[in-house]
>>> print(open('query.txt').read())   # compact mmCIF, C-alpha atoms
# COMPACT_ATOMS: atom_id res chain seq x y z
CA MET Z 1 -6.01 3.21 -4.64
CA SER Z 2 -2.64 2.04 -5.84
CA LEU Z 3 -0.04 -0.42 -4.73
CA ARG Z 4 0.54 -0.99 -1.09
CA ARG Z 5 3.17 -2.07 1.40
CA THR Z 6 2.66 -5.76 1.16
CA VAL Z 7 1.04 -8.29 -0.97
CA ALA Z 8 -0.31 -9.44 2.32
CA ALA Z 9 -2.73 -6.67 2.12
CA LEU Z 10 -3.25 -6.80 -1.59
CA VAL Z 11 -4.08 -10.48 -1.58
CA ALA Z 12 -5.48 -10.42 1.90
CA SER Z 13 -7.99 -7.77 1.17
CA ALA Z 14 -9.28 -4.96 -0.73
CA ALA Z 15 -9.67 -3.98 2.82
CA LEU Z 16 -6.11 -4.24 3.81
CA CYS Z 17 -6.16 -2.59 0.64
CA ALA Z 18 -4.10 -1.24 -1.61
CA ALA Z 19 -2.87 -3.74 0.49
CA ALA Z 20 0.67 -3.79 -0.22
CA THR Z 21 3.02 -3.09 -2.95
CA PRO Z 22 3.50 -5.87 -5.43
CA ALA Z 23 5.19 -8.57 -3.53
CA ALA Z 24 8.43 -10.19 -4.31
CA VAL Z 25 7.28 -13.06 -6.44
CA ALA Z 26 9.84 -15.77 -6.90
CA GLU Z 27 10.16 -17.66 -10.14
CA GLU Z 28 7.31 -20.11 -10.47
CA SER Z 29 9.31 -23.19 -9.62
CA PRO Z 30 7.75 -26.17 -7.82
CA SER Z 31 8.96 -24.74 -4.52
CA ALA Z 32 7.05 -21.52 -5.25
CA GLN Z 33 3.71 -23.22 -5.81
CA ALA Z 34 0.93 -22.64 -3.31
CA PRO Z 35 1.33 -25.08 -0.43
CA ALA Z 36 -1.56 -27.23 0.64
CA GLN Z 37 -3.00 -26.19 3.99
CA ARG Z 38 -1.75 -29.40 5.57
CA ASP Z 39 1.79 -28.41 4.56
CA LEU Z 40 1.72 -25.03 6.31
CA PRO Z 41 4.01 -24.68 9.32
CA SER Z 42 2.09 -25.20 12.55
CA ALA Z 43 3.81 -22.10 13.96
CA LEU Z 44 2.48 -19.83 11.21
CA TYR Z 45 -0.51 -17.55 11.78
CA GLY Z 46 -3.27 -17.88 9.21
CA LYS Z 47 -4.19 -20.68 6.83
CA GLY Z 48 -3.91 -18.88 3.51
CA ASP Z 49 -1.10 -19.15 0.99
CA PRO Z 50 1.89 -17.51 2.71
CA ARG Z 51 4.10 -17.04 -0.35
CA TYR Z 52 3.54 -13.31 -0.51
CA ASP Z 53 2.78 -12.39 3.09
CA GLY Z 54 4.07 -15.05 5.49
CA VAL Z 55 6.58 -12.85 7.30
CA TRP Z 56 4.29 -9.84 7.07
CA ARG Z 57 1.28 -11.45 8.74
CA GLN Z 58 3.41 -13.27 11.31
CA SER Z 59 5.07 -10.02 12.32
CA LEU Z 60 1.80 -8.11 12.60
CA ALA Z 61 0.26 -10.90 14.65
CA LEU Z 62 3.18 -11.04 17.07
CA LEU Z 63 3.32 -7.26 17.33
CA ALA Z 64 -0.40 -6.98 18.06
CA GLN Z 65 -0.32 -9.80 20.60
CA ASP Z 66 2.57 -8.15 22.41
CA THR Z 67 0.72 -4.83 22.67
CA ALA Z 68 -2.30 -6.67 24.08
CA GLY Z 69 -0.24 -8.32 26.82
CA VAL Z 70 -0.22 -11.73 25.17
CA LYS Z 71 2.96 -13.77 25.28
CA PRO Z 72 3.11 -15.56 21.92
CA ALA Z 73 3.95 -19.22 21.55
CA GLY Z 74 7.69 -19.72 21.46
CA LYS Z 75 7.50 -21.63 18.20
CA ALA Z 76 5.68 -18.72 16.54
CA VAL Z 77 8.56 -16.41 17.38
CA GLU Z 78 11.10 -19.04 16.35
CA TRP Z 79 9.39 -19.39 13.00
CA LEU Z 80 9.82 -15.68 12.35
CA THR Z 81 13.46 -15.60 13.39
CA GLY Z 82 14.07 -18.69 11.26
CA GLN Z 83 12.91 -16.77 8.19
CA GLN Z 84 15.84 -14.35 8.40
CA CYS Z 85 18.69 -14.77 5.93
CA GLU Z 86 22.31 -14.73 7.02
CA ASP Z 87 22.79 -11.20 5.70
CA GLY Z 88 19.94 -9.93 7.88
CA ALA Z 89 17.22 -9.69 5.23
CA PHE Z 90 13.84 -11.40 5.18
CA ALA Z 91 12.05 -12.73 2.13
CA SER Z 92 8.25 -12.62 1.95
CA TYR Z 93 8.24 -16.34 2.82
CA ARG Z 94 10.79 -19.14 2.81
CA PRO Z 95 9.08 -22.54 2.75
CA ASP Z 96 12.20 -24.32 3.98
CA PRO Z 97 14.16 -22.09 6.36
CA THR Z 98 16.72 -24.84 6.88
CA GLU Z 99 17.95 -24.12 3.37
CA PRO Z 100 20.29 -21.11 3.29
CA CYS Z 101 19.33 -18.01 1.33
CA THR Z 102 21.02 -17.72 -2.05
CA ALA Z 103 21.31 -15.18 -4.83
CA GLU Z 104 17.93 -16.47 -6.03
CA THR Z 105 16.22 -15.58 -2.74
CA VAL Z 106 14.13 -12.46 -3.34
CA ALA Z 107 14.61 -10.15 -0.38
CA ASP Z 108 11.58 -8.17 0.78
CA VAL Z 109 12.29 -4.74 2.27
CA ASN Z 110 8.78 -4.39 3.71
CA ALA Z 111 8.88 -7.81 5.35
CA THR Z 112 12.29 -7.03 6.80
CA ALA Z 113 11.13 -3.69 8.20
CA VAL Z 114 8.01 -5.08 9.86
CA ALA Z 115 9.93 -8.08 11.22
CA VAL Z 116 12.36 -5.64 12.85
CA GLN Z 117 9.45 -3.90 14.53
CA ALA Z 118 8.01 -7.16 15.83
CA LEU Z 119 11.29 -8.59 17.10
CA ALA Z 120 12.28 -5.29 18.71
CA ALA Z 121 8.94 -5.14 20.54
CA LEU Z 122 9.21 -8.74 21.77
CA GLY Z 123 12.72 -8.16 23.08
CA GLY Z 124 15.65 -10.54 23.30
CA HIS Z 125 16.51 -10.38 19.60
CA ASP Z 126 18.97 -7.50 19.50
CA GLU Z 127 21.49 -9.23 17.25
CA ARG Z 128 18.86 -10.14 14.67
CA VAL Z 129 17.36 -6.66 14.77
CA GLU Z 130 20.78 -5.08 14.31
CA LYS Z 131 21.62 -7.32 11.34
CA ALA Z 132 18.31 -6.51 9.67
CA VAL Z 133 18.75 -2.78 10.19
CA GLU Z 134 22.26 -2.88 8.77
CA TRP Z 135 20.94 -4.71 5.72
CA LEU Z 136 18.23 -2.08 5.28
CA LYS Z 137 20.88 0.61 5.32
CA LEU Z 138 22.94 -1.24 2.71
CA VAL Z 139 20.06 -1.48 0.22
CA ARG Z 140 19.04 2.17 0.40
CA ASN Z 141 18.45 3.72 -3.01
CA GLU Z 142 20.48 6.63 -4.37
CA ASP Z 143 17.48 8.93 -3.85
CA GLY Z 144 17.63 8.16 -0.12
CA GLY Z 145 14.58 5.92 -0.01
CA TRP Z 146 13.63 2.27 -0.37
CA GLY Z 147 11.45 0.21 -2.68
CA TYR Z 148 9.69 -3.08 -2.05
CA ASN Z 149 12.75 -5.06 -3.13
CA PRO Z 150 16.37 -3.90 -3.20
CA GLY Z 151 16.87 -1.71 -6.26
CA ALA Z 152 13.16 -1.16 -6.89
CA PRO Z 153 12.03 2.48 -7.17
CA SER Z 154 11.41 4.12 -3.82
CA ASP Z 155 7.82 4.35 -2.60
CA ALA Z 156 6.26 6.17 0.32
CA ASN Z 157 4.96 3.03 2.04
CA THR Z 158 8.29 1.25 2.10
CA VAL Z 159 10.20 4.36 3.16
CA SER Z 160 7.67 4.76 5.99
CA LEU Z 161 8.07 1.18 7.14
CA VAL Z 162 11.85 1.46 7.19
CA ILE Z 163 11.65 4.67 9.21
CA GLY Z 164 9.44 2.78 11.66
CA ALA Z 165 11.97 -0.04 11.81
CA LEU Z 166 14.77 2.39 12.63
CA VAL Z 167 12.63 3.94 15.37
CA ALA Z 168 11.74 0.51 16.80
CA ALA Z 169 15.44 -0.40 16.81
CA GLY Z 170 16.21 2.68 18.89
CA GLN Z 171 17.78 4.75 16.12
CA ASP Z 172 16.96 8.31 15.10
CA PRO Z 173 16.07 8.23 11.39
CA ALA Z 174 17.11 11.87 11.04
CA LYS Z 175 20.65 10.98 12.10
CA ALA Z 176 21.11 7.30 11.35
CA LEU Z 177 21.63 7.87 7.62
CA SER Z 178 22.09 11.61 7.32
CA ASP Z 179 25.60 11.21 5.90
CA GLU Z 180 24.42 8.86 3.16
CA GLY Z 181 22.29 10.92 0.81
CA GLY Z 182 20.26 12.85 3.36
CA SER Z 183 17.75 11.87 5.99
CA PRO Z 184 15.07 9.27 5.23
CA TYR Z 185 12.60 12.03 6.05
CA ASP Z 186 13.88 13.94 3.02
CA ALA Z 187 13.06 10.95 0.83
CA LEU Z 188 9.63 10.64 2.44
CA LEU Z 189 8.72 14.27 1.85
CA ASP Z 190 9.49 13.86 -1.84
CA PHE Z 191 6.13 12.06 -2.07
CA ARG Z 192 4.15 14.91 -0.48
CA LEU Z 193 1.62 16.86 -2.52
CA GLY Z 194 2.06 20.59 -2.00
CA CYS Z 195 0.45 23.79 -3.18
CA ASP Z 196 0.73 22.87 -6.85
CA ALA Z 197 -1.66 19.94 -6.29
CA LYS Z 198 -5.42 20.03 -6.47
CA ALA Z 199 -6.88 21.80 -3.46
CA ASP Z 200 -8.52 18.63 -2.11
CA GLU Z 201 -5.27 16.64 -2.39
CA ARG Z 202 -2.86 19.07 -0.74
CA GLY Z 203 -1.08 17.60 2.23
CA ALA Z 204 -1.59 14.02 1.05
CA PHE Z 205 1.23 11.69 0.04
CA ALA Z 206 1.57 9.71 -3.16
CA TYR Z 207 2.68 6.11 -3.32
CA GLN Z 208 5.11 6.82 -6.18
CA PRO Z 209 5.29 9.38 -8.98
CA ASP Z 210 3.88 8.21 -12.30
CA ASP Z 211 6.03 7.82 -15.41
CA LYS Z 212 5.81 11.57 -15.96
CA GLY Z 213 6.87 12.40 -12.42
CA ARG Z 214 3.42 13.46 -11.28
CA LEU Z 215 2.10 12.71 -7.81
CA ALA Z 216 -1.44 11.58 -6.99
CA ALA Z 217 -2.92 11.40 -3.51
CA ASN Z 218 -2.98 7.89 -2.05
CA ASP Z 219 -4.80 7.30 1.22
CA ASP Z 220 -2.74 4.31 2.27
CA ALA Z 221 0.55 6.03 1.51
CA THR Z 222 -0.66 9.09 3.42
CA ALA Z 223 -1.52 7.09 6.54
CA ALA Z 224 1.87 5.37 6.46
CA ALA Z 225 3.73 8.63 5.85
CA VAL Z 226 2.00 10.48 8.68
CA LEU Z 227 3.17 7.87 11.17
CA ALA Z 228 6.71 7.87 9.81
CA ALA Z 229 6.99 11.65 9.61
CA LEU Z 230 6.09 11.77 13.30
CA GLY Z 231 8.89 9.34 14.09
CA GLU Z 232 6.47 6.55 15.02
CA ASP Z 233 6.53 2.84 14.36
CA LEU Z 234 3.37 0.74 14.15
CA VAL Z 235 2.87 0.71 17.92
CA VAL Z 236 1.26 4.01 18.85
CA GLU Z 237 0.82 4.36 22.58
CA PRO Z 238 -2.52 5.77 23.76
CA GLY Z 239 -2.14 9.48 24.34
CA ASP Z 240 1.21 9.57 22.51
CA GLN Z 241 0.44 12.57 20.31
CA ASN Z 242 3.75 13.50 18.74
CA GLY Z 243 2.12 15.72 16.16
CA ALA Z 244 -0.45 17.49 18.31
CA ALA Z 245 1.48 20.77 18.35
CA ALA Z 246 2.38 20.85 14.66
CA LYS Z 247 0.32 22.89 12.22
CA ALA Z 248 -0.38 21.88 8.67
CA PRO Z 249 1.37 24.04 6.05
CA THR Z 250 -0.80 26.53 4.22
CA CYS Z 251 -0.62 27.86 0.70
CA ASP Z 252 -0.99 31.48 1.76
CA GLY Z 253 1.59 34.15 1.18
CA ASP Z 254 4.66 33.39 -0.90
CA GLY Z 255 3.74 29.83 -1.69
CA ASP Z 256 4.65 26.37 -0.57
CA GLU Z 257 7.72 26.35 1.65
CA GLU Z 258 9.40 23.07 2.51
CA PRO Z 259 7.69 21.82 5.67
CA THR Z 260 9.31 20.03 8.56
CA PRO Z 261 8.40 16.34 8.89
CA ALA Z 262 6.02 17.18 11.74
CA GLU Z 263 4.31 19.87 9.66
CA ALA Z 264 4.03 17.49 6.72
CA ALA Z 265 2.49 14.91 9.07
CA ALA Z 266 -0.04 17.50 10.24
CA GLY Z 267 -0.94 18.22 6.63
CA GLY Z 268 -1.35 14.52 5.89
CA ALA Z 269 -3.49 14.06 8.99
CA ALA Z 270 -5.71 16.95 7.93
CA TYR Z 271 -6.16 15.33 4.52
CA LEU Z 272 -7.05 11.97 6.13
CA ALA Z 273 -9.51 13.53 8.58
CA ARG Z 274 -11.23 15.40 5.74
CA THR Z 275 -11.38 12.32 3.52
CA LEU Z 276 -12.74 10.14 6.32
CA GLU Z 277 -15.43 12.66 7.19
CA GLU Z 278 -16.50 12.91 3.55
CA GLY Z 279 -16.63 9.11 3.39
CA GLY Z 280 -18.83 8.73 6.44
CA GLY Z 281 -15.97 7.64 8.71
CA HIS Z 282 -14.16 5.23 6.41
CA LEU Z 283 -11.90 5.15 3.39
CA THR Z 284 -12.86 3.40 0.18
CA SER Z 285 -11.14 1.32 -2.44
CA ALA Z 286 -11.93 -0.54 -5.61
CA LEU Z 287 -10.05 -3.16 -7.57
CA PRO Z 288 -10.20 -2.88 -11.37
CA GLY Z 289 -13.63 -3.91 -12.60
CA ALA Z 290 -15.11 -3.94 -9.10
CA GLU Z 291 -17.42 -1.54 -7.35
CA GLU Z 292 -16.02 0.84 -4.75
CA GLN Z 293 -16.01 -0.77 -1.32
CA PRO Z 294 -15.26 0.29 2.25
CA ASP Z 295 -11.54 -0.12 2.91
CA TYR Z 296 -11.31 -1.50 6.42
CA GLY Z 297 -7.56 -2.00 6.49
CA ASN Z 298 -6.66 1.46 5.27
CA THR Z 299 -9.24 2.95 7.62
CA ALA Z 300 -7.50 1.18 10.51
CA ASP Z 301 -4.16 2.55 9.30
CA ALA Z 302 -5.67 6.03 9.15
CA VAL Z 303 -6.93 5.69 12.74
CA LEU Z 304 -3.41 4.84 13.83
CA ALA Z 305 -1.99 7.87 12.00
CA LEU Z 306 -4.64 10.27 13.31
CA ALA Z 307 -4.14 9.09 16.89
CA ALA Z 308 -0.39 9.74 16.61
CA ALA Z 309 -1.04 13.15 15.07
CA GLY Z 310 -3.30 14.24 17.91
CA ARG Z 311 -6.51 14.16 15.83
CA GLU Z 312 -8.29 12.19 18.53
CA ASP Z 313 -11.87 13.06 17.57
CA ALA Z 314 -11.38 11.98 13.97
CA ALA Z 315 -9.54 8.82 15.06
CA ARG Z 316 -12.25 7.78 17.48
CA ALA Z 317 -15.03 8.52 15.00
CA SER Z 318 -13.45 6.20 12.45
CA LEU Z 319 -12.69 3.59 15.09
CA ALA Z 320 -16.38 3.66 16.03
CA TRP Z 321 -17.23 3.03 12.37
CA LEU Z 322 -14.83 0.07 12.36
CA GLU Z 323 -16.36 -1.32 15.56
CA GLU Z 324 -19.79 -1.24 13.99
CA ASN Z 325 -18.85 -2.48 10.54
CA ALA Z 326 -15.80 -4.72 10.90
CA PRO Z 327 -17.99 -7.80 11.53
CA THR Z 328 -19.15 -7.42 7.90
CA TRP Z 329 -15.53 -7.52 6.68
CA GLU Z 330 -15.65 -10.91 5.03
CA GLY Z 331 -13.20 -13.36 6.57
CA PHE Z 332 -11.36 -10.88 8.76
CA GLU Z 333 -11.71 -13.16 11.77
CA ASP Z 334 -9.35 -15.64 10.10
CA ASN Z 335 -6.86 -13.06 8.85
CA PRO Z 336 -4.02 -12.38 11.30
CA ALA Z 337 -2.80 -9.28 9.45
CA ALA Z 338 -6.28 -7.74 9.42
CA LEU Z 339 -6.85 -8.54 13.08
CA GLY Z 340 -3.43 -7.17 13.94
CA GLN Z 341 -4.23 -3.88 12.25
CA LEU Z 342 -7.48 -3.55 14.18
CA VAL Z 343 -5.82 -4.40 17.50
CA LEU Z 344 -3.15 -1.74 16.93
CA ALA Z 345 -5.73 0.85 15.89
CA ALA Z 346 -8.00 0.17 18.86
CA ARG Z 347 -5.14 0.35 21.30
CA ALA Z 348 -3.79 3.62 19.84
CA THR Z 349 -7.05 5.39 20.60
CA GLY Z 350 -7.28 4.02 24.12
CA GLY Z 351 -9.85 1.40 23.15
CA ASP Z 352 -10.04 -2.19 24.31
CA PRO Z 353 -9.17 -4.70 21.56
CA SER Z 354 -10.83 -7.43 23.60
CA ASP Z 355 -14.15 -5.56 23.43
CA PHE Z 356 -14.21 -4.14 19.93
CA GLY Z 357 -17.89 -3.42 19.44
CA GLY Z 358 -18.59 -6.68 21.25
CA THR Z 359 -15.89 -8.63 19.38
CA ASP Z 360 -12.77 -9.90 21.11
CA LEU Z 361 -10.09 -9.16 18.52
CA VAL Z 362 -7.33 -10.60 20.69
CA GLU Z 363 -9.09 -13.93 21.09
CA LEU Z 364 -9.70 -14.12 17.35
CA LEU Z 365 -6.08 -13.27 16.63
CA ASN Z 366 -4.81 -15.88 19.05
CA ALA Z 367 -6.99 -18.49 17.33
CA THR Z 368 -5.28 -17.95 13.96
CA GLY Z 369 -2.03 -19.50 15.16
CA PRO Z 370 -0.45 -21.62 17.87
CA ALA Z 371 -1.90 -21.08 21.32
CA PRO Z 372 -0.08 -18.33 23.22
CA ALA Z 373 2.31 -19.12 26.04
CA SER Z 374 0.20 -16.84 28.25
CA VAL Z 375 -2.69 -14.42 28.01
CA PRO Z 376 -3.69 -11.62 30.38
CA ASP Z 377 -6.48 -12.30 32.83
CA ASP Z 378 -9.29 -9.83 33.41
CA GLY Z 379 -6.99 -7.79 35.60
CA GLY Z 380 -4.36 -7.47 32.90
CA ASN Z 381 -2.03 -10.10 34.40
CA ALA Z 382 -0.61 -12.89 32.28
CA ASP Z 383 -2.10 -16.35 32.73
CA ASP Z 384 -0.22 -19.39 31.53
CA GLY Z 385 -1.71 -20.73 28.33
CA GLU Z 386 -1.26 -24.06 26.70
CA GLY Z 387 2.35 -23.34 25.88
CA GLY Z 388 2.17 -23.88 22.16
CA ALA Z 389 -0.69 -26.31 21.66
CA GLU Z 390 -1.91 -25.63 18.19
CA LYS Z 391 -5.04 -23.65 17.50
CA GLY Z 392 -6.02 -22.03 14.28
CA GLY Z 393 -8.84 -20.66 12.19
CA ASP Z 394 -9.99 -22.69 9.24
CA GLY Z 395 -11.07 -19.76 7.09
CA LEU Z 396 -9.51 -18.55 3.89
CA PRO Z 397 -7.52 -15.33 3.73
CA VAL Z 398 -9.38 -12.11 3.20
CA ILE Z 399 -9.00 -10.88 -0.35
CA GLY Z 400 -11.65 -8.27 -0.61
CA ILE Z 401 -14.77 -7.00 0.94
CA ALA Z 402 -17.04 -9.07 -1.27
CA ALA Z 403 -14.49 -10.81 -3.37
CA GLY Z 404 -14.40 -14.50 -3.99
CA ALA Z 405 -12.02 -17.11 -5.25
CA VAL Z 406 -12.06 -15.74 -8.79
CA LEU Z 407 -10.76 -12.43 -7.52
CA VAL Z 408 -7.95 -14.17 -5.63
CA VAL Z 409 -6.76 -15.72 -8.84
CA ALA Z 410 -7.04 -12.43 -10.69
CA VAL Z 411 -5.16 -10.48 -8.05
CA VAL Z 412 -2.37 -13.02 -7.74
CA ALA Z 413 -2.05 -13.22 -11.51
CA ALA Z 414 -1.88 -9.45 -11.73
CA VAL Z 415 0.80 -9.37 -9.05
CA VAL Z 416 2.86 -11.98 -10.88
CA VAL Z 417 2.58 -10.10 -14.17
CA LEU Z 418 3.36 -6.76 -12.56
CA ARG Z 419 6.25 -8.23 -10.67
CA GLY Z 420 7.60 -9.67 -13.89
CA ARG Z 421 7.44 -6.27 -15.50
CA ARG Z 422 9.30 -4.72 -12.58
CA ARG Z 423 11.92 -7.45 -12.46
CA SER Z 424 13.92 -5.54 -15.06
CA GLU Z 425 14.21 -2.50 -12.81
>>> encode(input="query.txt", output="structure tokens")
Amino acid sequence: MSLRRTVAALVASAALCAAATPAAVAEESPSAQAPAQRDLPSALYGKGDPRYDGVWRQSLALLAQDTAGVKPAGKAVEWLTGQQCEDGAFASYRPDPTEPCTAETVADVNATAVAVQALAALGGHDERVEKAVEWLKLVRNEDGGWGYNPGAPSDANTVSLVIGALVAAGQDPAKALSDEGGSPYDALLDFRLGCDAKADERGAFAYQPDDKGRLAANDDATAAAVLAALGEDLVVEPGDQNGAAAKAPTCDGDGDEEPTPAEAAAGGAAYLARTLEEGGGHLTSALPGAEEQPDYGNTADAVLALAAAGREDAARASLAWLEENAPTWEGFEDNPAALGQLVLAARATGGDPSDFGGTDLVELLNATGPAPASVPDDGGNADDGEGGAEKGGDGLPVIGIAAGAVLVVAVVAAVVVLRGRRRSE
């Protein structure tokens, strides 16, 4: 497993695992220090340090609530919109949104892309969505892709998230930027492993090439890329099988021809289905020095991708594994990003997030933040809630399947060091 979309997932779990790409880490000034829990905004979901994943987890929570028919608290939505900079970008977290963004504010492409998806789904935020999308277009790399921060090397996860943001904003990624260095799909397919790869890695996607330009299969990047190549955002409607008719490319005949995005998605889905079956229904991950562990977050992402690709049997088999085993995912019930992932995965396969192997994911998610304005009754109709009365879980953020506080420190330190190394890029 390598770097992932957000530090949310990296710090939040070896389960949300490879959980993100290294986050944008601001200089370690007093304002960047971890806030005490009592200092966290009451509108923010989750009680863990939000420096690296505040916007990410807020967006996933709001997105998942919306798909479940929950109307979020107004102040939760206002908190997210208040995080946006004047130029349209979002940072990972701004502790004081009343202070304007400056040249020192580290913009976060992943946070911006997922915030676009959340605000577009909620509706009523067209101007903010448009500004964010225009900013994303402005910071596109010369190779046609995007990295975690503006100017950082492109990676498959970030490119996938931006494609999803364009889709959520009602734009066709194949046309929206086709006159500016090619389609974003072209950039995405640059990370695909073809016939020159090992037989068991063909069809997968890499996160990034290594320093010698070589690609290595990455499960998280593959799940993200399958969704994006199908023209999907993070909300996959049940039965919405955009890739069901596409066939995975083969290495027969004259070799590896350039696939269409849909064909590349089919190849990635085949790789995921094979890997999940070999793993007993789940993906695995391991942090340096730690034993290999089930990767709940990436498994949920893979379910989402397989459902969109029309691999319903494989998606449901892995969802069943998650239903049985997610209760052992340490701390997930207090982690809004983790719960959001599971809600989206359950819904994509036609499951009921409120009865997830006997666990009500929606109720748990609602409890990590301010009480919703309304929740659906048993018949699916919205009931008025407490209109913003505060509720919240008291648990710590998930950082790994069996990881403890020492691992949190190690992961955050590694992120800071790695981010420092990449600052010169």
>>> closest_residue(input="query.txt", among="Z:Pro336, Z:Gly239, Z:Pro372, Z:Pro41", to="Z:Asp53", atoms="all atoms listed in the file")
Z:Pro336
>>> closest_residue(input="query.txt", among="Z:Leu306, Z:Ala115, Z:Ala345, Z:Ala300", to="Z:Ala273", atoms="all atoms listed in the file")
Z:Leu306
>>> residues_around(input="query.txt", residues="stretch 132-138 of chain Z", least_positions_apart="6", cutoff="10 Å", atoms="only C-alpha atoms", output="ChimeraX atom specification")
/Z:84-90,109-110,112-113,115-116,126,144-146,150,162,165-166,169,171,176-177,180
>>> write_last_selection(input="query.txt", atoms="C-alpha atoms", output="mmCIF file, in the coordinates of the input")
data_model
loop_
_atom_site.group_PDB
_atom_site.id
_atom_site.type_symbol
_atom_site.label_atom_id
_atom_site.label_comp_id
_atom_site.auth_asym_id
_atom_site.auth_seq_id
_atom_site.Cartn_x
_atom_site.Cartn_y
_atom_site.Cartn_z
ATOM 1 C CA GLN Z 84 15.840 -14.350 8.400
ATOM 2 C CA CYS Z 85 18.690 -14.770 5.930
ATOM 3 C CA GLU Z 86 22.310 -14.730 7.020
ATOM 4 C CA ASP Z 87 22.790 -11.200 5.700
ATOM 5 C CA GLY Z 88 19.940 -9.930 7.880
ATOM 6 C CA ALA Z 89 17.220 -9.690 5.230
ATOM 7 C CA PHE Z 90 13.840 -11.400 5.180
ATOM 8 C CA VAL Z 109 12.290 -4.740 2.270
ATOM 9 C CA ASN Z 110 8.780 -4.390 3.710
ATOM 10 C CA THR Z 112 12.290 -7.030 6.800
ATOM 11 C CA ALA Z 113 11.130 -3.690 8.200
ATOM 12 C CA ALA Z 115 9.930 -8.080 11.220
ATOM 13 C CA VAL Z 116 12.360 -5.640 12.850
ATOM 14 C CA ASP Z 126 18.970 -7.500 19.500
ATOM 15 C CA GLY Z 144 17.630 8.160 -0.120
ATOM 16 C CA GLY Z 145 14.580 5.920 -0.010
ATOM 17 C CA TRP Z 146 13.630 2.270 -0.370
ATOM 18 C CA PRO Z 150 16.370 -3.900 -3.200
ATOM 19 C CA VAL Z 162 11.850 1.460 7.190
ATOM 20 C CA ALA Z 165 11.970 -0.040 11.810
ATOM 21 C CA LEU Z 166 14.770 2.390 12.630
ATOM 22 C CA ALA Z 169 15.440 -0.400 16.810
ATOM 23 C CA GLN Z 171 17.780 4.750 16.120
ATOM 24 C CA ALA Z 176 21.110 7.300 11.350
ATOM 25 C CA LEU Z 177 21.630 7.870 7.620
ATOM 26 C CA GLU Z 180 24.420 8.860 3.160
#
>>> closest_residue(input="query.txt", among="Z:Val70, Z:Ala76, Z:Arg214, Z:Val236", to="Z:Gly46", atoms="all atoms listed in the file")
Z:Ala76
>>> atom_distance(input="query.txt", atom1="atom CA of Z:His125", atom2="atom CA of Z:Val139")
21.6 Å
>>> closest_residue(input="query.txt", among="Z:Gly194, Z:Gly289, Z:Leu272, Z:Asn335", to="Z:Thr250", atoms="all atoms listed in the file")
Z:Gly194
>>> residues_around(input="query.txt", residues="Z:Asn325", least_positions_apart="5", cutoff="10 Å", atoms="all atoms listed in the file", output="VMD selection string")
chain Z and resid 282 294 296 319 to 320 357
>>> closest_residue(input="query.txt", among="Z:Gln293, Z:Asn141, Z:Ser318, Z:Thr284", to="Z:Asp219", atoms="only C-alpha atoms")
Z:Thr284
>>> residues_around(input="query.txt", residues="Z:Asp355", least_positions_apart="5", cutoff="12 Å", atoms="only C-alpha atoms", output="PDB file with C-alpha atoms, in the frame of the given file")
ATOM      1  CA  ALA Z  68      -2.300  -6.670  24.080  1.00  0.00           C
ATOM      2  CA  GLU Z 323     -16.360  -1.320  15.560  1.00  0.00           C
ATOM      3  CA  GLU Z 324     -19.790  -1.240  13.990  1.00  0.00           C
ATOM      4  CA  LEU Z 342      -7.480  -3.550  14.180  1.00  0.00           C
ATOM      5  CA  VAL Z 343      -5.820  -4.400  17.500  1.00  0.00           C
ATOM      6  CA  ALA Z 346      -8.000   0.170  18.860  1.00  0.00           C
ATOM      7  CA  ARG Z 347      -5.140   0.350  21.300  1.00  0.00           C
ATOM      8  CA  GLY Z 350      -7.280   4.020  24.120  1.00  0.00           C
ATOM      9  CA  ASP Z 360     -12.770  -9.900  21.110  1.00  0.00           C
ATOM     10  CA  LEU Z 361     -10.090  -9.160  18.520  1.00  0.00           C
ATOM     11  CA  VAL Z 362      -7.330 -10.600  20.690  1.00  0.00           C
ATOM     12  CA  GLU Z 363      -9.090 -13.930  21.090  1.00  0.00           C
ATOM     13  CA  LEU Z 364      -9.700 -14.120  17.350  1.00  0.00           C
ATOM     14  CA  ASP Z 378      -9.290  -9.830  33.410  1.00  0.00           C
TER      15      ASP Z 378
END
>>> residues_near_point(input="query.txt", point="(-6.4, 15.3, -3.3)", cutoff="10 Å", atoms="all atoms listed in the file", output="PyMOL selection string")
chain Z and resi 193+197-206+215-219+271+275
>>> atom_distance(input="query.txt", atom1="atom CA of Z:Ala307", atom2="atom CA of Z:Thr260")
19.2 Å
>>> residues_around(input="query.txt", residues="Z:Leu44", least_positions_apart="4", cutoff="10 Å", atoms="all atoms listed in the file", output="VMD selection string")
chain Z and resid 40 50 54 to 55 57 to 58 61 75 to 77 79 to 80 336 368 to 370 392
>>> closest_residue(input="query.txt", among="Z:Leu276, Z:Ala338, Z:Val129, Z:Cys195", to="Z:Gly170", atoms="all atoms listed in the file")
Z:Val129
